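Taking it in order: structure first as structure tokens, then the write-up.
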Amino acid sequence: AAVCAVVVTYNPERSVLGAALDALARQVAAIVVVDNGSDRTTTHWLSEYARQGTTHLIPLAENFGLGIAHNRGIEWARSSMDAPVFFSE
């Protein structure tokens, strides 16, 4: 079965997030980044990153909190990949 990683962000440090996403991309079939209301420059950077590979971006208009953001990512993984869901903090 394919594994999909769900990553929730809010105005992350780009170099750290980029390195983490690059490392994840080598280990999973897909990555869902749920951006929890970051500023426009961060959202633009995430959009550009997502166009490069197996990352899907779900931009949220405001910060709805970790639980709602994770649930949006999990919903996408279930509907788009039919992937099993594992949750780890």
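Scheme for the structure tokens: letters A, B, ... for chains in order shown; per-chain residue numbers from 1; ligand numbers from 1 in order shown.
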
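Residues lying within 7 Å of Val32 of chain A, counting only C-alpha atoms and ignoring same-chain neighbours fewer than 4 positions away, are Ala5, Val6, Val7, Thr55, His56, Leu57 and Gly73 of chain A.
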
Checklist entry - Residues of chain A in helix (DSSP H, G or I) according to DSSP, as an MDAnalysis selection string? => result chainID A and resid 14:25 40:51 66:81

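Using only C-alpha atoms, the shortest contact distance between Gly53 of chain A and any of A:Glu75, A:Thr41, A:Ala29, A:Gly65 is found at A:Ala29.
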
Next on the checklist: For the structure I just gave you, how does DSSP split chain A - specifically, which residues are strand (DSSP E)? Reply as a PyMOL selection string.
Outcome noted: chain A and resi 4-9+30-36+55-60

Using only all heavy atoms, please write the residues we just selected to a file, as a compact mmCIF listing (two decimals), in the first residue's frame.
```
# COMPACT_ATOMS: atom_id res chain seq x y z
N CYS A 4 1.24 7.97 2.44
CA CYS A 4 1.15 9.41 2.21
C CYS A 4 1.44 10.12 3.52
O CYS A 4 0.87 9.79 4.55
CB CYS A 4 -0.25 9.75 1.72
SG CYS A 4 -0.52 11.50 1.45
N ALA A 5 2.33 11.10 3.49
CA ALA A 5 2.65 11.88 4.69
C ALA A 5 1.84 13.17 4.69
O ALA A 5 1.73 13.83 3.66
CB ALA A 5 4.14 12.21 4.71
N VAL A 6 1.28 13.52 5.84
CA VAL A 6 0.56 14.78 6.00
C VAL A 6 1.41 15.70 6.86
O VAL A 6 1.78 15.34 7.98
CB VAL A 6 -0.82 14.56 6.66
CG1 VAL A 6 -1.51 15.89 6.90
CG2 VAL A 6 -1.68 13.64 5.79
N VAL A 7 1.72 16.88 6.33
CA VAL A 7 2.55 17.86 7.03
C VAL A 7 1.73 19.14 7.17
O VAL A 7 1.23 19.66 6.18
CB VAL A 7 3.85 18.14 6.26
CG1 VAL A 7 4.67 19.21 6.95
CG2 VAL A 7 4.66 16.86 6.06
N VAL A 8 1.61 19.63 8.40
CA VAL A 8 0.89 20.87 8.65
C VAL A 8 1.91 21.98 8.89
O VAL A 8 2.87 21.79 9.64
CB VAL A 8 -0.05 20.74 9.88
CG1 VAL A 8 -0.72 22.07 10.19
CG2 VAL A 8 -1.09 19.66 9.62
N THR A 9 1.71 23.13 8.22
CA THR A 9 2.65 24.23 8.36
C THR A 9 1.94 25.53 8.72
O THR A 9 0.75 25.69 8.47
CB THR A 9 3.41 24.49 7.04
OG1 THR A 9 2.47 24.88 6.03
CG2 THR A 9 4.17 23.27 6.59
N ALA A 30 3.49 10.03 -1.55
CA ALA A 30 2.99 11.39 -1.72
C ALA A 30 3.08 12.14 -0.40
O ALA A 30 3.09 11.53 0.67
CB ALA A 30 1.55 11.39 -2.22
N ILE A 31 3.14 13.45 -0.51
CA ILE A 31 3.13 14.32 0.66
C ILE A 31 1.99 15.31 0.48
O ILE A 31 1.82 15.89 -0.59
CB ILE A 31 4.45 15.10 0.78
CG1 ILE A 31 5.64 14.16 0.90
CG2 ILE A 31 4.40 16.05 1.99
CD1 ILE A 31 6.98 14.85 0.78
N VAL A 32 1.22 15.49 1.54
CA VAL A 32 0.19 16.52 1.57
C VAL A 32 0.65 17.57 2.55
O VAL A 32 0.89 17.27 3.72
CB VAL A 32 -1.17 15.97 2.04
CG1 VAL A 32 -2.22 17.07 2.04
CG2 VAL A 32 -1.61 14.81 1.18
N VAL A 33 0.83 18.79 2.07
CA VAL A 33 1.16 19.90 2.95
C VAL A 33 -0.10 20.73 3.14
O VAL A 33 -0.67 21.23 2.17
CB VAL A 33 2.29 20.78 2.37
CG1 VAL A 33 2.54 22.00 3.26
CG2 VAL A 33 3.57 19.98 2.21
N VAL A 34 -0.55 20.82 4.39
CA VAL A 34 -1.71 21.64 4.71
C VAL A 34 -1.15 22.91 5.33
O VAL A 34 -0.59 22.89 6.42
CB VAL A 34 -2.67 20.94 5.68
CG1 VAL A 34 -3.90 21.80 5.93
CG2 VAL A 34 -3.07 19.57 5.13
N ASP A 35 -1.27 24.00 4.58
CA ASP A 35 -0.75 25.27 5.08
C ASP A 35 -1.85 25.98 5.85
O ASP A 35 -2.91 26.29 5.32
CB ASP A 35 -0.25 26.15 3.94
CG ASP A 35 0.35 27.41 4.48
OD1 ASP A 35 1.33 27.32 5.25
OD2 ASP A 35 -0.18 28.49 4.20
N ASN A 36 -1.58 26.24 7.11
CA ASN A 36 -2.57 26.72 8.05
C ASN A 36 -2.60 28.25 8.11
O ASN A 36 -2.38 28.85 9.16
CB ASN A 36 -2.27 26.12 9.43
CG ASN A 36 -3.49 25.68 10.16
OD1 ASN A 36 -4.61 25.96 9.75
ND2 ASN A 36 -3.29 24.99 11.26
N THR A 55 4.23 16.43 -4.12
CA THR A 55 3.63 17.14 -3.00
C THR A 55 2.34 17.82 -3.43
O THR A 55 2.30 18.48 -4.47
CB THR A 55 4.61 18.20 -2.44
OG1 THR A 55 5.81 17.54 -2.05
CG2 THR A 55 4.02 18.91 -1.25
N HIS A 56 1.29 17.64 -2.64
CA HIS A 56 0.01 18.29 -2.88
C HIS A 56 -0.19 19.34 -1.80
O HIS A 56 -0.03 19.04 -0.61
CB HIS A 56 -1.13 17.27 -2.85
CG HIS A 56 -2.47 17.89 -3.00
ND1 HIS A 56 -2.93 18.34 -4.23
CD2 HIS A 56 -3.45 18.17 -2.10
CE1 HIS A 56 -4.14 18.86 -4.06
NE2 HIS A 56 -4.47 18.76 -2.78
N LEU A 57 -0.52 20.56 -2.17
CA LEU A 57 -0.72 21.64 -1.22
C LEU A 57 -2.20 21.91 -1.01
O LEU A 57 -2.96 22.06 -1.97
CB LEU A 57 -0.04 22.92 -1.72
CG LEU A 57 -0.27 24.18 -0.89
CD1 LEU A 57 0.31 24.02 0.52
CD2 LEU A 57 0.33 25.39 -1.60
N ILE A 58 -2.59 21.99 0.26
CA ILE A 58 -3.93 22.42 0.63
C ILE A 58 -3.76 23.72 1.42
O ILE A 58 -3.41 23.68 2.60
CB ILE A 58 -4.67 21.37 1.48
CG1 ILE A 58 -4.79 20.05 0.73
CG2 ILE A 58 -6.04 21.90 1.90
CD1 ILE A 58 -5.34 18.92 1.57
N PRO A 59 -3.98 24.87 0.78
CA PRO A 59 -3.83 26.13 1.50
C PRO A 59 -5.13 26.48 2.22
O PRO A 59 -6.20 26.46 1.62
CB PRO A 59 -3.53 27.14 0.39
CG PRO A 59 -4.18 26.55 -0.83
CD PRO A 59 -4.19 25.06 -0.65
N LEU A 60 -5.04 26.77 3.50
CA LEU A 60 -6.19 27.21 4.27
C LEU A 60 -6.13 28.72 4.41
O LEU A 60 -5.06 29.30 4.57
CB LEU A 60 -6.23 26.55 5.65
CG LEU A 60 -6.25 25.02 5.65
CD1 LEU A 60 -6.27 24.49 7.08
CD2 LEU A 60 -7.44 24.49 4.88
```

Next on the checklist: I'd like the interatomic distance between atom CA of Tyr49 of chain A and atom CA of Glu13 of chain A, to a tenth of an Å.
Outcome noted: 13.7 Å
